[in-house]
Structures are given as structure tokens and as C-alpha cells.
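**Student:** The structure is given below, and queries will be raised subsequently.
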Amino acid sequence: MLVNFRFKNYRSFYQETNLSMEAVKDSDFKDINTFSINEKLMQKGNNNLLKSAMIFGGNASGKTNLIKALAYMKRVVLFSSSQIPVTKENEPFAFYIDSNEQESLYEIEIIQNNIYYKYGFTLCKGKITSEWLEKRKERLSIVFKRNKDNLEITGLDKRAVNIINLSDNILFLSFGNSLKLEITPSLNDVMMWFHNLLIVFENDVNSLDIYSMEHGKYQDMALKILQLADIGIKNIQVQKDKITNVTNIEDVLKFNTQIQIQPKANRGQIKQEKKDLYNIDMKTDFEVFDNLKKSIGTKSIMLYKDEEFNSEGTIRLISYLGWILAALDKGRVIFIDEIDSKLHFLVTDYLVKLFNSIDKNPNNAQLVCTAHNVMLMDEDLRRDQIYFTSKDCYGESFLVALSDYKNVRKTDLFSKKYLAGFYSKLPDMNKDN
């Protein structure tokens with residue numbers, strides 16, 4: 001479960017920014033759109049978390065950058081102890097001359113295995129400058145803290161800590177996870193949360209293989225949703241074909257040549273499993289009729305190989321559904337950039353309401369997404385579920401929740417007031433007229 005995500009000095013966000021999934025004290029849709037947790041974990045008098053949050057804003061206002069900030073944090077956590085130089089990939093704010101001399105901050109508050117954790121780190125010029133982990137079952141306690149060359153670990157004396165040789169571009173969370181320490185279970189909890197975190201961008205969706213997992217459960221669930229959307233698809237089936245063995249250089253060269261000569265021959269999602277490379281596509285079946293409009297069978301169309309047949313919205317929906325259904329099934333946190341891109345309003349609204357539901361979301365999965373269709377604001381969302389991004393004349397992005405505004409009535413048509421400029425700065429496309 002996600003409680004808060006806080007970051008600073010990343011891409012278009014210069015000041016400290018917080019995305020909170022803590023529900024404010026509001027009775028609106030409380031039973032459906034929020035869920036309660038053990039009150040001892042929070043100790044703030046409010047133990048309700050949001051099932052979803054939607055971020056609206058103009059083009060280049062910072063919506064995607066917020067999700068990229070969390071994606072970057074996940075990447076550092078998972079790969080800093082490898083040979084990949086992920087800490088050097090940090091992108092400080094670009095438009096202040098000294099921002100690259102200042103620290104970037106990344107911090108999350110989560111609940112994993114019924115324990116509250118606050119984990120974060122700062123870095124500057126590719127070097128970790130501080131790192132910390134706190135946890136709480138009933139009271140808050142420090143698991144470890146690190147400040148440049150100084151590392152303190154609960155339950156470990158200073159002499160034992162000094163034996164640990166930790167580079168300034170490696171997180172202790174990632175490194176210490178492999179050690180047999182008293183705090184290792186806590187490190188494992190945080191690492192597992194990041195492993196389970198789903199972050200989906202339009203340009204790198206690669207989820208068709210998920211439909212063949214769980215004995216095809218997600219495939220059956222997706223088919224029902226596609227039929228509700230009235231797309232015309234009667235059946236779907238993942239097809240996974242081995243392309244080549246990646247250890248055989250001649251086979252790899254042959255495959256690369258074939259791709260250049262016949263680019264459609266292996267059009268699909270490419271996935272490597274151990275030493276083999278696979279092409280993954282999906283067969284979509286459509287009903288065929290005779291001259292009397294009587295059904296006489298089905299016609300099979302490949303989703304990617306025959307991509308000119310299915311609409312871009314259909315391809316996008318099928319690609320996203322696997323992630324969404326897995327999140328709902330396992331109670332995972334999922335971030336989706338531009339969830340409404342190329343999709344009909346009613347389809348997008350349905351996907352969001354899968355999370356804002358009791359029976360469809362029994363495991364309290366959480367969705368955070370960006371969107372442009374302002375009609376979604378008026379579809380049974382709480383004020384604390386709606387966020388706005390805006391950018392000032394210096395290129396700085398800002399994030400604010402609708403619940404932070406005063407004098408916002410429950411009966412307000414949020415979309416109308418948003419377009420009128422009440423909540424966020426919007427581009428004035430009529431100023432030259």
C-alpha cells in the first residue's frame with residue numbers, strides 16, 4: 001500500500017512535492033473509494049487510504065514527470081547494487097543554474113506486511129548523500145540511517161558496521177538486502193514493495209505475456225471487459241513463438257537480418273527467457289457472417305502483426321488490461337500514464353471504477369494515473385482523489401490536490417470550474433484573438 005510519495009529537484013519539479021494517498025476527513029464515497037488500515041500504523045487520527053488518485057494538467061505541466069520520478073526511484077532501488085550506473089541518471093531541475101549542485105530527494109511511505117515504513121534517500125551528482133529507513137507497528141523506530149560516510153544500523157555495533165564497505169553510488173537498502181542482519185526482514189519488505197510496484201507508460205507497455213499466467217485467469221477476465229466495451233472481439237489467445245537462442249551469435253544475426261528484410265514477420269512483443277528469445281502476440285477472433293447475416297464462424301486477426309486491423313485504442317486497452325487485472329488480483333499499486341489516451345470516456349471511467357469498488361477491488365489495490373479527459377473529475381471521485389499539475393513562467397511544475405482548495409462544494413461541477421481556471425493555470429489559447 002502507498003501512503004505518500006515525496007520528491008524534490010527532479011526534472012520539472014524543483015520544490016518538494018508530495019503525492020498523498022491519505023484520505024482527508026470527508027464522508028464522500030468513503031465506503032467505496034477508501035479503505036481503512038490499522039490505526040496504530042499511522043498515529044495521525046486518520047487511518048483511511050485512497051484506492052485511486054487522478055492527476056490532471058495541461059501538456060508539459062509535469063504529470064508524466066511525477067510518475068517518472070517514482071519510476072526512477074524504483075530503478076535506483078532495484079539496480080544500484082548492480083553494475084548499472086543508475087545514480088548518475090538522476091535529472092535535476094533544468095532551468096535554475098545551480099540545481100545540479102543541490103540534492104534530489106526521493107521518499108516513500110508504505111505499508112507492507114502490516115508494517116508502516118518510511119524509506120528515502122538523497123543524491124547529488126550521482127552520489128548518495130543520505131539514506132534512511134524507519135518502521136512502525138505501534139511506535140516509530142529507526143531501522144538504519146546513513147549520512148555520507150556515516151552508517152548506523154539498529155542492532156549492529158559500530159565495529160561491525162565499519163566492516164561494511166559501501167560505495168557512494170549504491171543504496172544500503174539494495175546492498176544490505178543480501179546480508180544476514182537482524183534488520184534484513186525490514187529491508188526485504190521495502191524491496192518487495194518496489195518489485196511489486198507497477199508503472200506503465202504508453203511507449204513501453206509489454207504485458208501480453210501476463211495473460212498466459214495464473215492459468216489464463218487474466219485472459220478470461222480481459223475478454224469479459226472487451227466484450228463490455230463492444231469492440232467486437234469474441235475471443236483472445238496469447239501466442240508465444242520462439243525466435244532464436246541468444247547464445248548463438250549466428251542465430252541472432254540471422255534474426256536481425258530477417259527483421260530488416262521483413263519487419264512484420266516478427267512484429268509483436270519481444271521477450272527473453274533465460275537463453276531464448278520469444279515473440280509474443282495475441283490472436284483476436286471476430287465473428288464472420290454469410291449473405292443472410294448468419295454467423296458462420298470466426299476470423300482470426302493478430303493484434304500486432306496485423307496491427308492495421310485493430311484500432312490503436314483496442315491495442316492500447318488490451319496492452320493495459322493485463323497490468324490492471326494483475327494489480328486488482330494481487331492488491332498491488334499501479335501507476336498509469338495517460339490512462340485515457342485513445343480510449344472512450346466510458347471505457348476509461350470503467351477502468352477507474354474497478355479500483356473504486358468493493359467487490360471488484362477486494363484486496364485494496366491502488367491506482368494513480370494521469371488523464372486529460374476532464375469529464376472523469378465528475379464521476380464519483382472525492383476531492384482528495386483529484387490532483388492538478390501546473391507550470392510557472394520559470395519552468396517549475398507544481399502539484400496540488402482539489403481538497404487543498406477552500407470553498408469547494410461537493411455539488412460543484414469540478415470539470416467546469418477547472419476549465420474556467422479556478423484550480424490550476426491553463427494555457428490561454430484565445431489570447432491572440
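Residues are referred to by chain and number: the chain letter is A, B, ... according to the order shown in the C-alpha cells, the number counts from 1 in that chain, and ligands are numbered separately from 1 in the order shown.
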I'd like the neighbourhood of stretch 18-23 of chain A as number ranges by chain, where a residue qualifies if any of its atoms comes within 6 Å (using only C-alpha atoms), though same-chain residues fewer than 4 positions away should be ignored.
**Tutor:** A: 3-6, 48-50
**Student:** Fewer than 5 positions away in the same chain doesn't count, so skip those; otherwise give me all residues within 9 Å of stretch 101-117 of chain A, counting only C-alpha atoms, as a PyMOL selection string.
**Tutor:** chain A and resi 1-10+14+16+37-38+41-42+69-70+73+90-92+122-125+129+133-138+140+186+189-190+192-193
**Student:** Name the residues of stretch 219-364 of chain A that fall into strand (DSSP E or B) according to DSSP on the backbone, using the chain letters and numbers of this document, as a PyMOL selection string.
**Tutor:** chain A and resi 233-245+269-273+276-289+295-302+333-336
**Student:** Near A:Thr184, within 12 Å and counting only C-alpha atoms, which residues show up once chain neighbours fewer than 5 positions away are dropped, as a ChimeraX atom specification?
**Tutor:** /A:133,143-144,153-156,172-179,189-192
**Student:** Between A:Arg146, A:Lys63, A:Lys275, A:Lys44, which has the minimum distance to A:Val161 (counting only C-alpha atoms)?
**Tutor:** A:Arg146
**Student:** Taking 3 positions as the minimum chain separation for residues in the same chain, which residues sit within 12 Å of A:Tyr350 when counting only C-alpha atoms? Answer as an MDAnalysis selection string.
**Tutor:** chainID A and resid 225:226 228:229 317 321 324 339:340 343:347 353:357 360 376 379:380
**Student:** Any idea what the distance is between atom CA of A:Ile231 and atom CA of A:Gly297?
**Tutor:**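 About the pair atom CA of A:Ile231 and atom CA of A:Gly297: they are 17.2 Å apart.
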**Student:** Name the residues of stretch 193-373 of chain A that come out as alpha helix (DSSP H) in a backbone DSSP run; write them as a VMD selection string.
**Tutor:** chain A and resid 193 to 196 217 to 228 249 to 261 312 to 330 345 to 355
**Student:** Might you pull out every residue within 9 Å of A:Asp241, with only C-alpha atoms counted and same-chain residues fewer than 5 positions away left off, and present them as a count of residues only?
**Tutor:** 5
